[in-house]
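> What follows is protein-v4.json; its format and atoms are JSON, C-alpha atoms.
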[["chain", "number", "residue", "atom", "x", "y", "z"],
["A", 662, "MET", "CA", 0.00, 0.00, 0.00],
["A", 663, "SER", "CA", 1.35, 3.43, -0.95],
["A", 664, "LEU", "CA", 1.03, 6.65, 0.98],
["A", 665, "PHE", "CA", 0.43, 9.76, -1.13],
["A", 666, "ARG", "CA", 0.69, 13.25, 0.33],
["A", 667, "LEU", "CA", 0.44, 16.64, -1.36],
["A", 668, "SER", "CA", 2.65, 19.38, -0.04],
["A", 669, "GLN", "CA", 1.22, 22.85, 0.50],
["A", 670, "SER", "CA", 2.89, 24.01, -2.72],
["A", 671, "GLY", "CA", 0.67, 21.57, -4.60],
["A", 672, "PHE", "CA", 3.11, 19.10, -6.13],
["A", 673, "CYS", "CA", 3.51, 15.38, -5.63],
["A", 674, "ASN", "CA", 5.77, 15.21, -2.62],
["A", 675, "ASP", "CA", 5.88, 11.87, -0.91],
["A", 676, "ILE", "CA", 5.02, 8.42, -2.19],
["A", 677, "ARG", "CA", 6.16, 5.36, -0.24],
["A", 678, "SER", "CA", 6.28, 1.66, -0.87],
["A", 679, "PRO", "CA", 8.70, -0.87, 0.60],
["A", 680, "PHE", "CA", 10.03, -2.15, -2.74],
["A", 681, "THR", "CA", 8.94, 0.22, -5.51],
["A", 682, "VAL", "CA", 8.19, 3.87, -5.98],
["A", 683, "ILE", "CA", 5.27, 4.95, -8.13],
["A", 684, "LEU", "CA", 5.30, 8.63, -9.04],
["A", 685, "LEU", "CA", 2.45, 10.74, -10.24],
["A", 686, "PHE", "CA", 3.45, 13.65, -12.46],
["A", 687, "CYS", "CA", 1.44, 16.76, -11.70],
["A", 688, "LEU", "CA", 0.58, 19.60, -14.06],
["A", 689, "GLY", "CA", 0.69, 23.16, -12.81],
["A", 690, "ALA", "CA", 3.22, 22.20, -10.19],
["A", 691, "SER", "CA", 6.92, 22.38, -9.53],
["A", 692, "PHE", "CA", 7.65, 19.69, -12.15],
["A", 693, "LEU", "CA", 6.73, 22.16, -14.92],
["A", 694, "GLY", "CA", 7.16, 25.50, -13.19],
["A", 695, "PRO", "CA", 5.60, 27.45, -10.34],
["A", 696, "PRO", "CA", 2.40, 26.05, -8.87],
["A", 697, "SER", "CA", -0.70, 27.53, -10.45],
["A", 698, "ALA", "CA", -2.97, 26.84, -7.48],
["A", 699, "VAL", "CA", -2.42, 25.29, -4.07],
["A", 700, "GLY", "CA", -3.73, 21.74, -4.08],
["A", 701, "GLN", "CA", -4.38, 21.59, -7.85],
["A", 702, "LEU", "CA", -3.51, 18.15, -9.15],
["A", 703, "THR", "CA", -3.85, 16.66, -12.61],
["A", 704, "VAL", "CA", -2.32, 13.25, -13.18],
["A", 705, "THR", "CA", -0.73, 13.04, -16.62],
["A", 706, "ASP", "CA", 1.60, 10.05, -16.46],
["A", 707, "ASN", "CA", 2.81, 7.33, -14.13],
["A", 708, "LEU", "CA", 6.40, 6.26, -13.65],
["A", 709, "HIS", "CA", 7.25, 3.00, -11.92],
["A", 710, "LEU", "CA", 10.81, 2.78, -10.60],
["A", 711, "THR", "CA", 12.56, -0.10, -8.90],
["A", 712, "GLN", "CA", 16.03, -0.33, -7.43],
["A", 713, "ASP", "CA", 17.12, -2.34, -10.49],
["A", 714, "ASP", "CA", 16.41, 0.73, -12.66],
["A", 715, "PHE", "CA", 19.30, 2.48, -10.91],
["A", 716, "ASP", "CA", 21.65, -0.44, -10.30],
["A", 717, "LEU", "CA", 20.97, -3.63, -12.27],
["A", 718, "ASN", "CA", 20.45, -6.71, -10.10],
["A", 719, "SER", "CA", 20.56, -4.68, -6.88],
["A", 720, "ALA", "CA", 16.94, -5.15, -5.78],
["A", 721, "ALA", "CA", 16.70, -7.59, -2.90],
["A", 722, "GLN", "CA", 14.28, -8.43, -0.16],
["A", 723, "GLY", "CA", 14.80, -6.08, 2.77],
["A", 724, "ASN", "CA", 16.48, -3.24, 0.83],
["A", 725, "LEU", "CA", 13.50, -1.00, 1.68],
["A", 726, "PHE", "CA", 13.75, 0.92, -1.61],
["A", 727, "GLY", "CA", 11.31, 3.83, -1.38],
["A", 728, "TRP", "CA", 11.28, 3.93, 2.43],
["A", 729, "ALA", "CA", 11.88, 7.69, 2.23],
["A", 730, "THR", "CA", 11.48, 10.05, -0.72],
["A", 731, "VAL", "CA", 11.96, 13.76, -1.25],
["A", 732, "THR", "CA", 11.76, 16.06, -4.26],
["A", 733, "CYS", "CA", 13.73, 19.24, -4.91],
["A", 734, "ASP", "CA", 15.85, 20.85, -7.65],
["A", 735, "PHE", "CA", 19.33, 19.59, -6.68],
["A", 736, "ASP", "CA", 21.12, 20.78, -9.85],
["A", 737, "GLY", "CA", 19.35, 24.15, -10.18],
["A", 738, "ASP", "CA", 18.13, 23.54, -13.75],
["A", 739, "GLY", "CA", 14.50, 24.40, -12.98],
["A", 740, "TYR", "CA", 13.25, 20.80, -12.96],
["A", 741, "VAL", "CA", 12.33, 18.88, -9.82],
["A", 742, "ASP", "CA", 14.58, 15.91, -8.99],
["A", 743, "LEU", "CA", 13.75, 12.87, -6.85],
["A", 744, "ALA", "CA", 15.81, 11.24, -4.07],
["A", 745, "ILE", "CA", 14.78, 7.73, -2.97],
["A", 746, "GLY", "CA", 16.08, 6.13, 0.24],
["A", 747, "ALA", "CA", 16.86, 2.42, 0.45],
["A", 748, "PRO", "CA", 18.14, 2.05, 4.03],
["A", 749, "GLY", "CA", 18.33, -1.76, 3.95],
["A", 750, "THR", "CA", 20.71, -1.88, 0.97],
["A", 751, "SER", "CA", 24.03, -3.69, 1.37],
["A", 752, "VAL", "CA", 27.09, -1.61, 0.47],
["A", 753, "PHE", "CA", 30.26, -3.06, -1.05],
["A", 754, "GLY", "CA", 28.48, -6.44, -1.03],
["A", 755, "VAL", "CA", 29.30, -7.07, 2.62],
["A", 756, "LEU", "CA", 27.92, -4.24, 4.74],
["A", 757, "GLU", "CA", 24.31, -5.34, 5.24],
["A", 758, "ASP", "CA", 21.75, -2.59, 5.91],
["A", 759, "ALA", "CA", 24.36, 0.14, 5.44],
["A", 760, "GLY", "CA", 21.90, 1.94, 3.13],
["A", 761, "ALA", "CA", 21.90, 3.97, -0.06],
["A", 762, "VAL", "CA", 20.04, 6.86, -1.69],
["A", 763, "TYR", "CA", 19.19, 6.93, -5.40],
["A", 764, "VAL", "CA", 18.66, 10.23, -7.25],
["A", 765, "ALA", "CA", 16.80, 10.69, -10.55],
["A", 766, "TYR", "CA", 17.03, 14.10, -12.18],
["A", 767, "GLY", "CA", 14.20, 16.07, -13.75],
["A", 768, "SER", "CA", 14.17, 17.13, -17.37],
["A", 769, "PRO", "CA", 11.74, 18.79, -19.80],
["A", 770, "GLY", "CA", 10.25, 15.31, -20.36],
["A", 771, "GLY", "CA", 10.00, 14.44, -16.66],
["A", 772, "LEU", "CA", 12.30, 12.33, -14.51],
["A", 773, "THR", "CA", 15.17, 10.60, -16.26],
["A", 774, "LEU", "CA", 17.70, 8.01, -15.17],
["A", 775, "ILE", "CA", 20.33, 9.53, -17.47],
["A", 776, "GLY", "CA", 22.98, 10.90, -15.12],
["A", 777, "HIS", "CA", 21.34, 9.38, -12.02],
["A", 778, "GLN", "CA", 23.35, 9.09, -8.81],
["A", 779, "THR", "CA", 23.75, 6.51, -6.09],
["A", 780, "LEU", "CA", 24.81, 8.02, -2.77],
["A", 781, "THR", "CA", 26.27, 6.11, 0.17],
["A", 782, "GLN", "CA", 28.29, 7.25, 3.13],
["A", 783, "PRO", "CA", 31.71, 8.15, 1.69],
["A", 784, "PRO", "CA", 34.12, 5.22, 2.23],
["A", 785, "ALA", "CA", 36.92, 7.54, 3.36],
["A", 786, "GLY", "CA", 36.71, 10.13, 6.10],
["A", 787, "SER", "CA", 35.34, 10.37, 9.59],
["A", 788, "ASP", "CA", 32.08, 8.48, 8.98],
["A", 789, "PRO", "CA", 32.49, 5.53, 6.58],
["A", 790, "PRO", "CA", 29.57, 3.13, 5.99],
["A", 791, "GLU", "CA", 29.03, 0.33, 8.47],
["A", 792, "ALA", "CA", 26.56, -2.53, 8.61],
["A", 793, "ASN", "CA", 23.17, -1.55, 10.09],
["A", 794, "ASP", "CA", 23.57, 2.25, 9.66],
["A", 795, "TYR", "CA", 20.30, 2.47, 7.68],
["A", 796, "PHE", "CA", 21.61, 5.43, 5.66],
["A", 797, "GLY", "CA", 18.64, 6.79, 3.70],
["A", 798, "ALA", "CA", 15.98, 6.04, 6.32],
["A", 799, "ALA", "CA", 15.07, 9.73, 6.41],
["A", 800, "LEU", "CA", 15.48, 12.41, 3.72],
["A", 801, "ALA", "CA", 15.01, 16.17, 3.72],
["A", 802, "ALA", "CA", 15.82, 18.76, 1.08],
["A", 803, "GLY", "CA", 16.22, 22.51, 0.96],
["A", 804, "ASP", "CA", 18.64, 25.22, -0.06],
["A", 805, "PHE", "CA", 20.67, 25.02, 3.15],
["A", 806, "ASP", "CA", 23.57, 27.15, 1.86],
["A", 807, "GLY", "CA", 21.56, 29.78, -0.06],
["A", 808, "ASP", "CA", 23.17, 29.14, -3.48],
["A", 809, "GLY", "CA", 19.91, 28.59, -5.36],
["A", 810, "ARG", "CA", 20.23, 24.79, -5.53],
["A", 811, "CYS", "CA", 18.65, 22.30, -3.17],
["A", 812, "ASP", "CA", 20.86, 20.29, -0.85],
["A", 813, "LEU", "CA", 20.00, 16.84, 0.49],
["A", 814, "ALA", "CA", 20.08, 15.75, 4.14],
["A", 815, "VAL", "CA", 20.23, 11.97, 4.63],
["A", 816, "GLY", "CA", 19.58, 10.32, 7.97],
["A", 817, "ALA", "CA", 21.52, 7.29, 9.18],
["A", 818, "PRO", "CA", 19.66, 6.62, 12.47],
["A", 819, "ARG", "CA", 21.68, 3.58, 13.55],
["A", 820, "GLU", "CA", 25.11, 5.10, 12.93],
["A", 821, "VAL", "CA", 27.80, 4.39, 15.52],
["A", 822, "VAL", "CA", 29.21, 7.70, 16.79],
["A", 823, "VAL", "CA", 32.40, 7.76, 18.89],
["A", 824, "GLY", "CA", 31.82, 4.19, 20.01],
["A", 825, "VAL", "CA", 28.15, 4.74, 20.88],
["A", 826, "SER", "CA", 25.93, 2.39, 18.88],
["A", 827, "VAL", "CA", 22.62, 3.56, 17.39],
["A", 828, "ALA", "CA", 23.56, 7.20, 18.04],
["A", 829, "GLY", "CA", 22.66, 8.34, 14.51],
["A", 830, "SER", "CA", 23.99, 10.90, 12.06],
["A", 831, "VAL", "CA", 22.84, 13.17, 9.26],
["A", 832, "HIS", "CA", 24.84, 13.62, 6.05],
["A", 833, "VAL", "CA", 24.32, 16.80, 4.01],
["A", 834, "PHE", "CA", 25.15, 16.61, 0.29],
["A", 835, "THR", "CA", 25.30, 20.02, -1.40],
["A", 836, "GLY", "CA", 23.63, 20.68, -4.73],
["A", 837, "THR", "CA", 25.85, 21.64, -7.66],
["A", 838, "ALA", "CA", 25.21, 22.35, -11.36],
["A", 839, "SER", "CA", 26.14, 18.72, -12.11],
["A", 840, "GLY", "CA", 24.02, 17.22, -9.31],
["A", 841, "LEU", "CA", 24.66, 16.41, -5.68],
["A", 842, "ALA", "CA", 28.26, 16.49, -4.45],
["A", 843, "SER", "CA", 29.69, 13.04, -3.70],
["A", 844, "ALA", "CA", 31.19, 14.19, -0.38],
["A", 845, "SER", "CA", 29.00, 15.12, 2.55],
["A", 846, "GLN", "CA", 29.10, 17.15, 5.73],
["A", 847, "VAL", "CA", 28.30, 14.93, 8.74],
["A", 848, "TRP", "CA", 26.20, 16.06, 11.67],
["A", 849, "THR", "CA", 25.81, 14.23, 15.00],
["A", 850, "GLN", "CA", 24.66, 15.23, 18.45],
["A", 851, "ASN", "CA", 28.27, 15.58, 19.59]]
Would it be possible to restate this file's structure as structure tokens?

Amino acid sequence: MSLFRLSQSGFCNDIRSPFTVILLFCLGASFLGPPSAVGQLTVTDNLHLTQDDFDLNSAAQGNLFGWATVTCDFDGDGYVDLAIGAPGTSVFGVLEDAGAVYVAYGSPGGLTLIGHQTLTQPPAGSDPPEANDYFGAALAAGDFDGDGRCDLAVGAPREVVVGVSVAGSVHVFTGTASGLASASQVWTQN
């Protein structure tokens, strides 16, 4: 069963399903320009995405693809992009439930997988991926740095922080003209 919620700006904002994401494209909304009326919705096309669309043969039971979704214009081209969390995804083939986020970019014809991104916790640095981090369990987007492009905040609620298990972290990926940056800024309660 899918949950569908309209944001106050009137565009399709949040659609959830444990294994697939079904998107409804909306006319008069942020997909095609500024909203023409709050709450106005006209369904013009359906798009069915699975994890295999982003990474062939990656879909597996328990990956939780579609657990969290958020839309925003990450590359600043005027078209709404979609980030999809899959917190149960294994990373590097051995780190079970480390999690991943998949990003499809908007275009004049709607969402496209050309130039899509797969985000995980960067393998190098202060917060590499670990099993059971559930990176991608929560997503939020906004222009956090004021540069005109949306940035993406990704929750990893079971992240180990300074030896404390299940402490959690948030990774912020900045939007650039070519998409989301591959490196992230990490936030914890410390």
> Which residues of region 728-768 of chain A sit at most 7 Å from region 800-810 of chain A, using all atoms listed in the file? Give each one's shortest atom pair and distance in Å (one decimal place), in chain and ascending residue order, as a tab-separated table.

residue	atom	partner	partner_atom	distance
A:Ala729	CA	A:Leu800	CA	6.1
A:Thr730	CA	A:Leu800	CA	6.4
A:Val731	CA	A:Leu800	CA	6.2
A:Cys733	CA	A:Ala802	CA	6.4
A:Asp734	CA	A:Arg810	CA	6.3
A:Phe735	CA	A:Arg810	CA	5.4
A:Asp736	CA	A:Arg810	CA	6.0
A:Gly737	CA	A:Arg810	CA	4.8
> Just to confirm, what's the straight-line distance from CA of Gln846 (chain A) to CA of Ala761 (chain A) in Å (one decimal)?
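Straight-line distance from CA of Gln846 (chain A) to CA of Ala761 (chain A) works out to 16.1 Å.
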> Go through A:Gly723, A:Tyr740, A:Val823, A:His777 one by one, measure the shortest atom-to-atom distance of each to Asp758 (chain A) using all atoms listed in the file, and give the residue with the smallest value.
A:Gly723
> What does the distance between CA of Pro789 (chain A) and CA of Cys811 (chain A) come to in Å, to one decimal place?
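Spanning CA of Pro789 (chain A) to CA of Cys811 (chain A) is a straight-line distance of 23.8 Å.
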> Around (23.2, 18.1, 13.3) in the file's frame, which residues reach within 12 Å when counting all atoms listed in the file? Return as number ranges by chain?
A: 814-817, 828-833, 846-851
> Between A:Val764, A:Ala759, A:Val741, A:Ile775, which is the closest to Ser843 (chain A) once you count only C-alpha atoms?
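Nearest candidate to Ser843 (chain A) out of A:Val764, A:Ala759, A:Val741, A:Ile775: A:Val764.
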> Given the point (14.1, 21.0, -17.2) in the file's coordinates, find the residues that have an atom at most 12 Å from it, counting only C-alpha atoms, and give them as a PyMOL selection string.
chain A and resi 691-694+734-742+766-773
